[in-house]
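Here is the structure we will look at.
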Amino acid sequence: MSGKKTIFFDRDGTLIIDMNYLNDPEKIFYLEGVFEALGRLRDAGFQFVMVTNQAGIAKGLVSPANLEEIHRRMIAEFGRHGIQFAGIYFAPQPSDSDHPMRKPNPGMLLAGARDHGADLARSWMIGDRMSDIEAGRRAGCRTILLDGTDVPSQSAFPPPTFVARDVLHMAEFILANDRE
């Protein structure tokens with residue numbers, strides 16, 4: 001029995017605008033095209049899992065209660081567009097930690113795959129940083145970097161499967177390259 005094809009999404013800069021340690025639930029702003037992109041991927045049979053480093057907790061810049069409320073509001077807003085997330089995983093460890101759950105380590109993806117029956121070989125990791133891409137590579141996923149934050153040629157990590165100019169371009173690429 002094969003598992004589910006899954007798309008693992010980073011949060012900041014991938015689903016919502018990166019506010020640099022978002023701690024205010026009123027400051028959630030969604031990337032242009034994100035609901036359409038995820039709707040198309042949902043219709044193609046993908047499940048979604050969010051995996052987000054949240055070093056702001058360790059730094060005292062993000063309160064755990066606010067993080068929970070931010071995720072609650074995001075789930076509600078995606079739900080209004082008919083989009084569900086199978087799970088949300090976050091790594092509260094500091095930026096300099098090599099904790100297995102913190103990207104570029106694949107712990108959150110591996111936990112999400114185990115908990116939600118993902119087939120990692122048929123899955124994707126989407127992010128705006130090369131640490132997201134490396135976590136996906138280490139987990140055995142194909143990877144897409146959203147253009148604008150990190151430059152693959154300037155990274156110590158291997159390049160992504162694809163670099164997309166925005167979330168709609170990302171969805172088009174996945175749909176064109178989906179393996180059954």
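Simple scheme: letters A, B, ... for chains in structure tokens order, numbers from 1 for residues in each chain, numbers from 1 for ligands in the order shown.
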Query raised in the report: Do you know which residues are at most 9 Å from stretch 98-101 of chain A counting only C-alpha atoms, after dropping those on the same chain fewer than 5 positions away, and could you put them as a PyMOL selection string?
Result: chain A and resi 53+89-93+106-111
Selection near A:Ile57, 12 Å with only C-alpha atoms, sequence-local residues under 5 positions removed, as a CSV table (one decimal) with N, CA and C atoms, in the first residue's frame:
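Saved as around_25.csv:
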```
chain,number,residue,atom,x,y,z
A,21,TYR,N,9.6,37.0,12.8
A,21,TYR,CA,9.1,36.7,14.1
A,21,TYR,C,7.7,37.2,14.4
A,22,LEU,N,6.8,36.7,13.6
A,22,LEU,CA,5.3,37.1,13.7
A,22,LEU,C,4.8,36.6,15.1
A,23,ASN,N,4.4,37.6,15.8
A,23,ASN,CA,3.8,37.3,17.2
A,23,ASN,C,2.4,37.9,17.3
A,52,THR,N,7.3,24.5,10.3
A,52,THR,CA,7.9,25.8,10.4
A,52,THR,C,8.8,25.9,11.6
A,62,VAL,N,8.3,35.5,20.4
A,62,VAL,CA,7.0,34.9,20.0
A,62,VAL,C,6.4,34.1,21.2
A,63,SER,N,5.2,34.4,21.6
A,63,SER,CA,4.7,33.7,22.7
A,63,SER,C,4.0,32.4,22.2
A,64,PRO,N,4.1,31.3,22.9
A,64,PRO,CA,3.5,30.0,22.5
A,64,PRO,C,2.0,30.2,22.3
A,65,ALA,N,1.3,31.0,23.1
A,65,ALA,CA,-0.1,31.3,23.0
A,65,ALA,C,-0.4,32.0,21.7
A,66,ASN,N,0.4,33.0,21.3
A,66,ASN,CA,0.2,33.7,20.1
A,66,ASN,C,0.5,32.8,18.9
A,67,LEU,N,1.5,32.0,19.0
A,67,LEU,CA,1.8,31.0,17.9
A,67,LEU,C,0.6,30.1,17.7
A,68,GLU,N,0.0,29.6,18.7
A,68,GLU,CA,-1.2,28.8,18.6
A,68,GLU,C,-2.4,29.5,18.0
A,90,PHE,N,5.9,22.6,14.4
A,90,PHE,CA,6.9,23.7,14.6
A,90,PHE,C,8.0,23.3,15.5
A,91,ALA,N,9.2,23.9,15.2
A,91,ALA,CA,10.4,23.7,16.0
A,91,ALA,C,10.7,25.0,16.7
A,92,PRO,N,10.5,25.0,18.0
A,92,PRO,CA,10.8,26.2,18.8
A,92,PRO,C,12.2,26.4,19.2
A,93,GLN,N,13.1,25.5,18.8
A,93,GLN,CA,14.5,25.6,19.2
A,93,GLN,C,15.2,26.8,18.6
A,94,PRO,N,16.3,27.3,19.3
A,94,PRO,CA,17.0,28.5,18.8
A,94,PRO,C,17.6,28.2,17.4
A,95,SER,N,17.9,29.3,16.7
A,95,SER,CA,18.4,29.3,15.3
A,95,SER,C,19.7,28.5,15.2
```
Report task. Run DSSP on the backbone and grab whatever in chain A lands in strand (DSSP E or B); send it over as a VMD selection string. Result -> chain A and resid 4 6 to 9 12 16 30 47 to 53 87 to 91 118 124 to 127 142 to 146 162 to 164
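Here atom CA of A:Met74 stands at a distance of 21.2 Å from atom CA of A:Lys103.
Computed from the coordinates, the atom CA of A:Gly39 to atom CA of A:Arg165 distance equals 18.3 Å.
A straight line drawn from atom CA of A:Asp10 to atom CA of A:Gly60 is 21.0 Å long.
Shortest atom-to-atom contact with A:Phe35 among A:Gln47, A:Gln84, A:Ser2, A:Gln54: A:Gln84, counting only C-alpha atoms.
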Who sits within 12 Å of A:Asp147, only C-alpha atoms, same chain under 5 positions skipped, as a PDB file with N, CA and C atoms, in the first residue's frame:
```pdb
ATOM      1  N   GLY A  13       6.864  33.321   4.438  1.00  0.00           N
ATOM      2  CA  GLY A  13       7.476  33.515   3.132  1.00  0.00           C
ATOM      3  C   GLY A  13       7.045  32.458   2.124  1.00  0.00           C
ATOM      4  N   THR A  14       6.205  31.516   2.560  1.00  0.00           N
ATOM      5  CA  THR A  14       5.754  30.431   1.689  1.00  0.00           C
ATOM      6  C   THR A  14       4.229  30.397   1.609  1.00  0.00           C
ATOM      7  N   ILE A 126       8.045  22.610   0.080  1.00  0.00           N
ATOM      8  CA  ILE A 126       8.044  23.950  -0.506  1.00  0.00           C
ATOM      9  C   ILE A 126       8.510  24.941   0.550  1.00  0.00           C
ATOM     10  N   GLY A 127       9.457  25.786   0.186  1.00  0.00           N
ATOM     11  CA  GLY A 127       9.924  26.796   1.125  1.00  0.00           C
ATOM     12  C   GLY A 127      10.590  27.956   0.421  1.00  0.00           C
ATOM     13  N   ASP A 128      10.920  28.964   1.213  1.00  0.00           N
ATOM     14  CA  ASP A 128      11.585  30.149   0.658  1.00  0.00           C
ATOM     15  C   ASP A 128      13.055  30.222   1.072  1.00  0.00           C
ATOM     16  N   ARG A 129      13.508  29.219   1.824  1.00  0.00           N
ATOM     17  CA  ARG A 129      14.909  29.200   2.269  1.00  0.00           C
ATOM     18  C   ARG A 129      15.539  27.859   1.920  1.00  0.00           C
ATOM     19  N   MET A 130      16.831  27.888   1.714  1.00  0.00           N
ATOM     20  CA  MET A 130      17.528  26.646   1.370  1.00  0.00           C
ATOM     21  C   MET A 130      17.508  25.644   2.526  1.00  0.00           C
ATOM     22  N   PRO A 152      20.031  29.632  -4.569  1.00  0.00           N
ATOM     23  CA  PRO A 152      20.624  28.290  -4.484  1.00  0.00           C
ATOM     24  C   PRO A 152      22.130  28.261  -4.746  1.00  0.00           C
ATOM     25  N   PRO A 160      17.472  23.012  -5.245  1.00  0.00           N
ATOM     26  CA  PRO A 160      16.148  22.390  -5.226  1.00  0.00           C
ATOM     27  C   PRO A 160      15.843  21.706  -6.559  1.00  0.00           C
ATOM     28  N   PHE A 162      13.328  22.527  -8.246  1.00  0.00           N
ATOM     29  CA  PHE A 162      12.814  23.607  -9.089  1.00  0.00           C
ATOM     30  C   PHE A 162      12.785  24.896  -8.282  1.00  0.00           C
ATOM     31  N   VAL A 163      12.957  26.024  -8.964  1.00  0.00           N
ATOM     32  CA  VAL A 163      12.775  27.342  -8.350  1.00  0.00           C
ATOM     33  C   VAL A 163      11.547  27.964  -9.005  1.00  0.00           C
ATOM     34  N   ALA A 164      10.544  28.310  -8.199  1.00  0.00           N
ATOM     35  CA  ALA A 164       9.297  28.892  -8.703  1.00  0.00           C
ATOM     36  C   ALA A 164       9.268  30.384  -8.396  1.00  0.00           C
ATOM     37  N   ARG A 165       8.702  31.145  -9.316  1.00  0.00           N
ATOM     38  CA  ARG A 165       8.650  32.598  -9.105  1.00  0.00           C
ATOM     39  C   ARG A 165       7.588  33.003  -8.074  1.00  0.00           C
ATOM     40  N   ASP A 166       6.558  32.151  -7.888  1.00  0.00           N
ATOM     41  CA  ASP A 166       5.503  32.433  -6.906  1.00  0.00           C
ATOM     42  C   ASP A 166       4.734  31.143  -6.635  1.00  0.00           C
ATOM     43  N   VAL A 167       3.718  31.217  -5.782  1.00  0.00           N
ATOM     44  CA  VAL A 167       3.016  29.989  -5.397  1.00  0.00           C
ATOM     45  C   VAL A 167       2.202  29.382  -6.543  1.00  0.00           C
ATOM     46  N   HIS A 169       3.073  29.454  -9.733  1.00  0.00           N
ATOM     47  CA  HIS A 169       4.088  28.800 -10.559  1.00  0.00           C
ATOM     48  C   HIS A 169       4.486  27.472  -9.908  1.00  0.00           C
ATOM     49  N   MET A 170       4.614  27.465  -8.588  1.00  0.00           N
ATOM     50  CA  MET A 170       4.925  26.245  -7.839  1.00  0.00           C
ATOM     51  C   MET A 170       3.852  25.191  -8.082  1.00  0.00           C
TER      52      MET A 170
END
```
Query raised in the report: as a count of residues only, which residues of stretch 55-126 of chain A does DSSP assign to helix (DSSP H, G or I)?
Result: 34
Query raised in the report: Contacts of A:Glu77 at 12 Å or less, counting only C-alpha atoms, minus same-chain residues fewer than 5 places along, as an MDAnalysis selection string?
Result: chainID A and resid 15:16 28:30 34:35 70:72 82:85
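Among A:Arg142, A:Ala171, A:Val151, A:Ala135, the residue with the shortest atom-to-atom distance to A:Asp43, counting only C-alpha atoms, is A:Ala171.
Proximity to A:Asp178 was assessed for A:Ser153, A:Ser123, A:Thr161, A:Asn105 counting only C-alpha atoms; the smallest distance is recorded for A:Ser123.
Shortest atom-to-atom contact with A:Glu36 among A:Ala113, A:Leu61, A:Ile88, A:Leu168: A:Leu168, counting only C-alpha atoms.
Residue nearest A:Asp119, chosen from A:Glu32, A:Phe157, A:Phe46, A:Gly148 and counting only C-alpha atoms: A:Phe46.
Within the 10 Å cut-off around A:Gly87, using only C-alpha atoms and omitting residues fewer than 4 positions from it on the same chain, the listed residues are A:Phe8, A:Gln47, A:Phe48, A:Val49, A:Met50, A:Val51, A:Ile75, A:Ala111, A:Gly112, A:Ala113, A:Asp115, A:His116.
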